[in-house]
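Below: one structure, written as structure tokens.
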Amino acid sequence: MKVGVVTFPGSLDDVDAQRAVVIGGHEAVALWHGDHDLKGVDAVVLPGGFSYGDYLRCGAISRFSPVMTEVIEAAGKGMPVLGICNGFQILCESHLLPGALIRNDHRKFVCRDQKLRIENNRTPWTSAYAEGDEVTIVLKNGEGGFVADEATLDRLEGEGQVVARYLGGNPNGSLRDIAGITNERGNVVGLMPHPEHAVEDLTGAGTQGLGFFTSLAAHAFA
């Protein structure tokens with residue numbers, strides 16, 4: 001598959017995401033925030049970082065970049081989209097996902113290897129896992145607390161839209177320990193931790209994040 005990785009001004013993990021895509025067995029296509037087309041890609045990754053300096057709110061300006069007009073339209077037609085950390089924030093600002101990400105409850109930036117439980121393996125980004133799998137990948141954020149009203153949280157839980165949940169202690173105050181969610185259709189996933197930093201044994205937290213990228217192969221032939 002051809003997987004586009006968007007670079008916004010202030011993106012930090014775009015190259016890491018491109019590398020993870022390649023290790024996952026796909027072709028990485030660099031997309032720029034000012035692009036008006038997606039260059040024929042089959043899926044899109046919105047990487048971590050501090051897009052547009054995180055002015056206003058995290059992801060608030062990126063939501064209006066030309067490339068996001070294309071991403072929103074493609075997502076509406078079923079294209080797989082993964083937003084990681086700042087990318088998750090952009091997806092919420094774009095209303096592709098419900099809720100919002102706010103300042104960590106302890107008011108400090110957190111950077112650590114984080115254990116997660118995979119709650120939903122029925123998305124194009126998580127099918128390589130089994131439901132209930134426990135994985136450890138990198139977490140690094142200052143505004144990673146997922147919040148939504150009770151009705152939305154109940155709907156996410158009831159419809160199986162929680163993709164991953166924090167284990168071993170809540171690192172940022174996310175409601176109901178939510179680390180990642182998907183939309184109703186299941187093609188758009190937002191994840192606060194960074195699977196692209198856990199795809200090689202040589203560095204990082206190991207390879208337990210690789211499944212987020214190899215899952216696309218199963219989706220392509222489904």
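Scheme for the structure tokens: letters A, B, ... for chains in order shown; per-chain residue numbers from 1; ligand numbers from 1 in order shown.
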From the DSSP assignment of the backbone, select every residue of chain A that is alpha helix (DSSP H), and format the answer as JSON, numbers by chain.
{"A": [14, 15, 16, 17, 18, 19, 20, 21, 22, 23, 66, 67, 68, 69, 70, 71, 72, 73, 74, 75, 76, 86, 87, 88, 89, 90, 91, 92, 93, 150, 151, 152, 153, 154, 155, 156, 157, 158, 211, 212, 213, 214, 215, 216, 217, 218, 219, 220]}
Taking the chain letters and numbering used in this document, name the residues of range 70-196 of chain A that DSSP puts in strand (DSSP E), as a VMD selection string.
chain A and resid 81 to 84 100 to 102 110 to 118 134 to 141 145 to 147 162 to 166 178 to 182 188 to 191
Point-to-point distance from CA of Leu97 in chain A to CA of Val22 in chain A, Å rounded to tenths:
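It comes out at 26.3 Å.
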Please determine, counting only C-alpha atoms, which residue among A:Gly142, A:Asp37, A:Gly160, A:Gly83 has the shortest atom-to-atom distance to His106 in chain A.
A:Gly142
Per residue of range 26-143 of chain A within 10 Å of range 165-183 of chain A, note the shortest atom pair and the distance in Å to one decimal, counting only C-alpha atoms, and order the rows by chain and increasing residue number, as a tab-separated table.
residue	atom	partner	partner_atom	distance
A:Val81	CA	A:Thr182	CA	9.8
A:Leu82	CA	A:Thr182	CA	9.3
A:Gly83	CA	A:Gly180	CA	9.5
A:Ile84	CA	A:Gly180	CA	9.1
A:Cys85	CA	A:Gly180	CA	9.5
A:Phe88	CA	A:Gly180	CA	8.3
A:His95	CA	A:Asn183	CA	9.9
A:Leu96	CA	A:Asn183	CA	7.1
A:Leu97	CA	A:Asn183	CA	5.7
A:Pro98	CA	A:Asn183	CA	7.8
A:Gly99	CA	A:Ile181	CA	9.8
A:Leu101	CA	A:Ser174	CA	8.3
A:Ile102	CA	A:Ser174	CA	8.7
A:Arg103	CA	A:Asn172	CA	7.9
A:Asn104	CA	A:Asn172	CA	4.5
A:Asp105	CA	A:Gly173	CA	5.2
A:His106	CA	A:Asn172	CA	7.0
A:Arg107	CA	A:Asn172	CA	8.6
A:Lys108	CA	A:Asn172	CA	8.7
A:Phe109	CA	A:Asn172	CA	8.9
A:Val110	CA	A:Pro171	CA	7.3
A:Cys111	CA	A:Pro171	CA	9.3
A:Arg112	CA	A:Pro171	CA	9.2
A:Gln114	CA	A:Tyr166	CA	7.5
A:Lys115	CA	A:Leu167	CA	5.4
A:Leu116	CA	A:Tyr166	CA	4.7
A:Arg117	CA	A:Arg165	CA	5.3
A:Ile118	CA	A:Arg165	CA	6.8
A:Glu119	CA	A:Arg165	CA	7.0
A:Asn120	CA	A:Ile181	CA	8.8
A:Arg122	CA	A:Thr182	CA	9.9
A:Thr123	CA	A:Thr182	CA	7.9
A:Trp125	CA	A:Thr182	CA	9.9
A:Gly132	CA	A:Arg165	CA	9.9
A:Glu134	CA	A:Leu167	CA	8.4
A:Val135	CA	A:Leu167	CA	9.5
A:Thr136	CA	A:Leu167	CA	9.5
A:Leu139	CA	A:Pro171	CA	8.8
A:Lys140	CA	A:Pro171	CA	9.7
A:Asn141	CA	A:Asn172	CA	8.3
A:Gly142	CA	A:Asn172	CA	8.1
A:Glu143	CA	A:Asn172	CA	7.8
Include C-alpha atoms and write out the residues we just selected as a PDB file, in the first residue's frame.
ATOM      1  CA  VAL A  81      -6.332   7.513   8.638  1.00  0.00           C
ATOM      2  CA  LEU A  82      -4.122   7.251  11.723  1.00  0.00           C
ATOM      3  CA  GLY A  83      -3.434  10.279  13.897  1.00  0.00           C
ATOM      4  CA  ILE A  84      -0.605   9.870  16.388  1.00  0.00           C
ATOM      5  CA  CYS A  85      -0.321  12.258  19.367  1.00  0.00           C
ATOM      6  CA  PHE A  88      -4.890  12.616  17.262  1.00  0.00           C
ATOM      7  CA  HIS A  95     -14.283  16.488  13.940  1.00  0.00           C
ATOM      8  CA  LEU A  96     -13.202  13.202  12.393  1.00  0.00           C
ATOM      9  CA  LEU A  97     -13.104  11.938  15.972  1.00  0.00           C
ATOM     10  CA  PRO A  98     -15.157  13.065  18.988  1.00  0.00           C
ATOM     11  CA  GLY A  99     -13.779  14.607  22.160  1.00  0.00           C
ATOM     12  CA  LEU A 101      -7.128  16.404  24.139  1.00  0.00           C
ATOM     13  CA  ILE A 102      -6.252  18.772  26.987  1.00  0.00           C
ATOM     14  CA  ARG A 103      -3.292  19.563  29.236  1.00  0.00           C
ATOM     15  CA  ASN A 104      -2.038  16.631  31.308  1.00  0.00           C
ATOM     16  CA  ASP A 105      -3.701  16.658  34.722  1.00  0.00           C
ATOM     17  CA  HIS A 106      -0.320  16.877  36.488  1.00  0.00           C
ATOM     18  CA  ARG A 107       0.678  19.822  34.275  1.00  0.00           C
ATOM     19  CA  LYS A 108       3.967  18.178  33.254  1.00  0.00           C
ATOM     20  CA  PHE A 109       5.258  16.726  30.010  1.00  0.00           C
ATOM     21  CA  VAL A 110       5.462  12.940  30.230  1.00  0.00           C
ATOM     22  CA  CYS A 111       7.905  10.745  28.284  1.00  0.00           C
ATOM     23  CA  ARG A 112       8.068   7.034  29.059  1.00  0.00           C
ATOM     24  CA  GLN A 114       3.765   2.955  28.331  1.00  0.00           C
ATOM     25  CA  LYS A 115       1.798  -0.272  28.590  1.00  0.00           C
ATOM     26  CA  LEU A 116      -1.492  -0.399  26.698  1.00  0.00           C
ATOM     27  CA  ARG A 117      -4.284  -2.889  26.228  1.00  0.00           C
ATOM     28  CA  ILE A 118      -5.702  -3.260  22.724  1.00  0.00           C
ATOM     29  CA  GLU A 119      -9.467  -3.032  23.077  1.00  0.00           C
ATOM     30  CA  ASN A 120     -10.501  -3.059  19.405  1.00  0.00           C
ATOM     31  CA  ARG A 122     -11.338  -4.483  14.051  1.00  0.00           C
ATOM     32  CA  THR A 123      -9.778  -1.356  12.525  1.00  0.00           C
ATOM     33  CA  TRP A 125      -4.678  -0.093  12.061  1.00  0.00           C
ATOM     34  CA  GLY A 132      -6.830  -7.852  25.018  1.00  0.00           C
ATOM     35  CA  GLU A 134      -0.951  -5.877  26.135  1.00  0.00           C
ATOM     36  CA  VAL A 135       1.768  -3.924  24.359  1.00  0.00           C
ATOM     37  CA  THR A 136       4.393  -1.400  25.406  1.00  0.00           C
ATOM     38  CA  LEU A 139       4.353   7.898  25.201  1.00  0.00           C
ATOM     39  CA  LYS A 140       5.410  11.558  25.073  1.00  0.00           C
ATOM     40  CA  ASN A 141       2.953  14.394  25.490  1.00  0.00           C
ATOM     41  CA  GLY A 142       2.087  17.499  27.423  1.00  0.00           C
ATOM     42  CA  GLU A 143      -1.541  17.744  26.334  1.00  0.00           C
TER      43      GLU A 143
END
Using only C-alpha atoms, find the one residue out of A:Asp113, A:Glu196, A:Asp13, A:Asp149 that sits nearest to Phe213 in chain A.
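Selected residue with least distance to Phe213 in chain A: A:Glu196.
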By how many Å are CA of Met68 in chain A and CA of Tyr55 in chain A apart?
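Distance reported for this atom pair: 17.3 Å.
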Of A:Pro47, A:Gly206, A:Gly190, A:Pro66, the one sitting nearest Leu91 in chain A when using only C-alpha atoms is A:Gly190
For CA of Leu31 in chain A and CA of Val199 in chain A, the interatomic separation in Å (one decimal)
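According to the coordinates, CA of Leu31 in chain A and CA of Val199 in chain A are separated by 21.7 Å.
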